[in-house]
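Okay, structure first, notes after.
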Amino acid sequence: MSAGKWIGGIIGWITAGPLGALAGVAIGAMFDVGLDSVNNPGNAGTREGAFGDNGSRQYSDDEQRSGFMFSLLVLASYVIRADGRVMHSEMQLVREFLRQNFGVAAQSQGEQILLRLFDEQKRQGTFRFKNTVADCCQQIARYMDYSQRLQLVNFLVLISQADGKVDPQEVMAINECGHWLGMSKQDIDSLFSLKGDTLDEAYRVLGVDPNASDDEVRKAYRKLALEHHPDRVAALGEDVRKAAEKKFQEINAAKEKVFKARGL
């Protein structure tokens, strides 16, 4: 996808509201692009989401990918600065993901958007920006289905792990984002446990207590398998799908560990 198409997709996906306002701040200062497509009287505040079942307008794959990426940049700007620092390793992970999904030009522009969001966070102050991100998350939840939101938070977890350790303040910020996105605490905790090797961590991945019944374990796995299936995020691009496949494999590995321990 060309950089111009990527930016156009963001404008096409975002409605008027907190996310649109941040897009105006982040993009408007850098590109000769307005928000007319989302702020005109014909659609302001009324545009329906891409995943509704009420016959409303469906977003294109490009718009879904662009919306996902801008949402990721907004939430990443909150998580990366949660510990008061901007780590090179965290920025590099974002740069690489932008490059793989949108190309070299969009990588540079996406990085500039992220830096603009850092500036906006400083301008607003921590408390006000936190409220802005909370409002953005609620807006995202209206336009993005649960599986895509899971993948969004999964990338936030990967960003927090990029420097080899996870700061408690980043964990708190990710949990806040997940809560604002309407996700269960159980699902968020599962994402933090995916890389673990122990049986206890495998249980946490499945979101069940070691004392749970076999039927409860099977039910928990089926729920995760449905929510995390790579096909559910295929519209977001090949790199997102590959990340989902890796996560799906880790969930299956946790299931196999638990099932083996139980003799299932």
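By order of appearance in the structure tokens: chains A, B, ..., then residues from 1 within every chain, and ligands from 1 in the order shown.
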
Tell me which protein, DNA and RNA residues are within 12 Å of His179 in chain A, counting only C-alpha atoms, leaving out same-chain ones fewer than 2 positions away, and put them as a list in words.
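Close residues of His179 in chain A: Val133, Ala134, Asp135, Cys137, Gln138, Ala141, Arg149, Leu150, Val153, Met172, Ala173, Ile174, Asn175, Glu176, Cys177, Leu181, Gly182, Met183, Ser184, Lys185, Gln186, Asp187, Ile188 and Asp189 of chain A.
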
Could you jot down the CA of Asp62 in chain A to CA of Gly24 in chain A separation for me, Å, one decimal place?
19.4 Å

Just want the 9 Å neighbourhood of range 83-90 of chain A, counted on only C-alpha atoms, with same-chain residues fewer than 4 positions away dropped. Output as a VMD selection string.
chain A and resid 79 94 to 95 158 to 163 167 to 170

Can you spit out the residues from that selection as a PDB file, in the first residue's frame, using C-alpha atoms?
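Final output, result_6.pdb:
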ATOM      1  CA  VAL A  79       2.176   2.459  26.467  1.00  0.00           C
ATOM      2  CA  VAL A  94       7.004  -0.202  15.554  1.00  0.00           C
ATOM      3  CA  ARG A  95       9.185   0.966  12.634  1.00  0.00           C
ATOM      4  CA  LEU A 158       5.170  -7.227  22.111  1.00  0.00           C
ATOM      5  CA  ILE A 159       6.187  -3.555  22.217  1.00  0.00           C
ATOM      6  CA  SER A 160       6.450  -3.687  26.001  1.00  0.00           C
ATOM      7  CA  GLN A 161       8.678  -6.786  25.719  1.00  0.00           C
ATOM      8  CA  ALA A 162      10.930  -5.333  23.009  1.00  0.00           C
ATOM      9  CA  ASP A 163      13.709  -4.275  25.411  1.00  0.00           C
ATOM     10  CA  ASP A 167       7.998  -2.394  33.106  1.00  0.00           C
ATOM     11  CA  PRO A 168       5.111  -2.607  35.619  1.00  0.00           C
ATOM     12  CA  GLN A 169       3.859   0.794  34.448  1.00  0.00           C
ATOM     13  CA  GLU A 170       3.647  -0.534  30.891  1.00  0.00           C
TER      14      GLU A 170
END

Residue set, range 49-194 of chain A restricted to helix (DSSP H, G or I), as an MDAnalysis selection string:
chainID A and resid 61:80 88:102 104:124 126:143 146:160 168:180 185:192

Mind checking which residues fall within 12 Å of Asp231 in chain A, counting only C-alpha atoms, ignoring those fewer than 4 positions away in the same chain, and posting them as a ChimeraX atom specification?
/A:147-148,151,225-227,235-238,240-245,248

Just to be explicit: take each residue in the selection above, keep C-alpha atoms, and write the result as a short mmCIF file (atom, residue, chain, number, x, y, z; two decimals), in the first residue's frame.
data_model
loop_
_atom_site.label_atom_id
_atom_site.label_comp_id
_atom_site.auth_asym_id
_atom_site.auth_seq_id
_atom_site.Cartn_x
_atom_site.Cartn_y
_atom_site.Cartn_z
CA SER A 147 -10.40 -10.73 17.55
CA GLN A 148 -8.83 -7.66 15.99
CA GLN A 151 -4.37 -8.63 18.10
CA ALA A 225 -9.07 -20.91 19.45
CA LEU A 226 -12.13 -19.17 18.06
CA GLU A 227 -11.09 -15.68 19.19
CA ALA A 235 -8.09 -8.43 6.36
CA LEU A 236 -5.44 -6.57 8.37
CA GLY A 237 -2.58 -7.81 6.20
CA GLU A 238 -0.14 -10.69 5.95
CA VAL A 240 -0.68 -9.21 11.17
CA ARG A 241 -1.92 -12.64 10.13
CA LYS A 242 1.56 -14.14 10.64
CA ALA A 243 1.71 -12.65 14.13
CA ALA A 244 -1.72 -14.13 14.81
CA GLU A 245 -0.54 -17.53 13.55
CA PHE A 248 -2.26 -19.34 17.78
#

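Neighbours of Ala106 in chain A closer than or equal to 12 Å, with only C-alpha atoms counted and sequence neighbours fewer than 2 positions away skipped, come out as A:Met1, A:Ser2, A:Ala3, A:Gly4, A:Lys5, A:Trp6, A:Ile7, A:Gly8, A:Ser66, A:Met69, A:Phe70, A:Val94, A:Arg95, A:Glu96, A:Phe97, A:Leu98, A:Arg99, A:Gln100, A:Asn101, A:Phe102, A:Gly103, A:Val104, A:Ser108, A:Gln109, A:Gly110, A:Glu111, A:Gln112, A:Ile113, A:Leu114.
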
Compare A:Tyr221, A:Phe155, A:Phe118, A:Tyr143 by their minimum atom-to-atom distance to Val208 in chain A, counting only C-alpha atoms, and give me the closest one.
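Using only C-alpha atoms, Val208 in chain A sits closest to A:Tyr221.
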
By how many Å are CA of Ser190 in chain A and CA of Glu250 in chain A apart?
10.6 Å

Given the choices A:Arg81, A:Arg65, A:Arg142, A:Lys122, which gets closest to Leu19 in chain A if the distance is worked out from only C-alpha atoms?
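Going through A:Arg81, A:Arg65, A:Arg142, A:Lys122 one by one, the smallest distance to Leu19 in chain A is for A:Arg142.
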
Counting only C-alpha atoms, what is within 9 Å of range 210-217 of chain A, bar same-chain residues fewer than 5 positions away, as JSON, numbers by chain?
{"A": [199, 200, 203, 204, 222, 255, 258, 259, 262, 264]}

Here CA of Gly20 in chain A and CA of Met144 in chain A stand apart by 15.2 Å
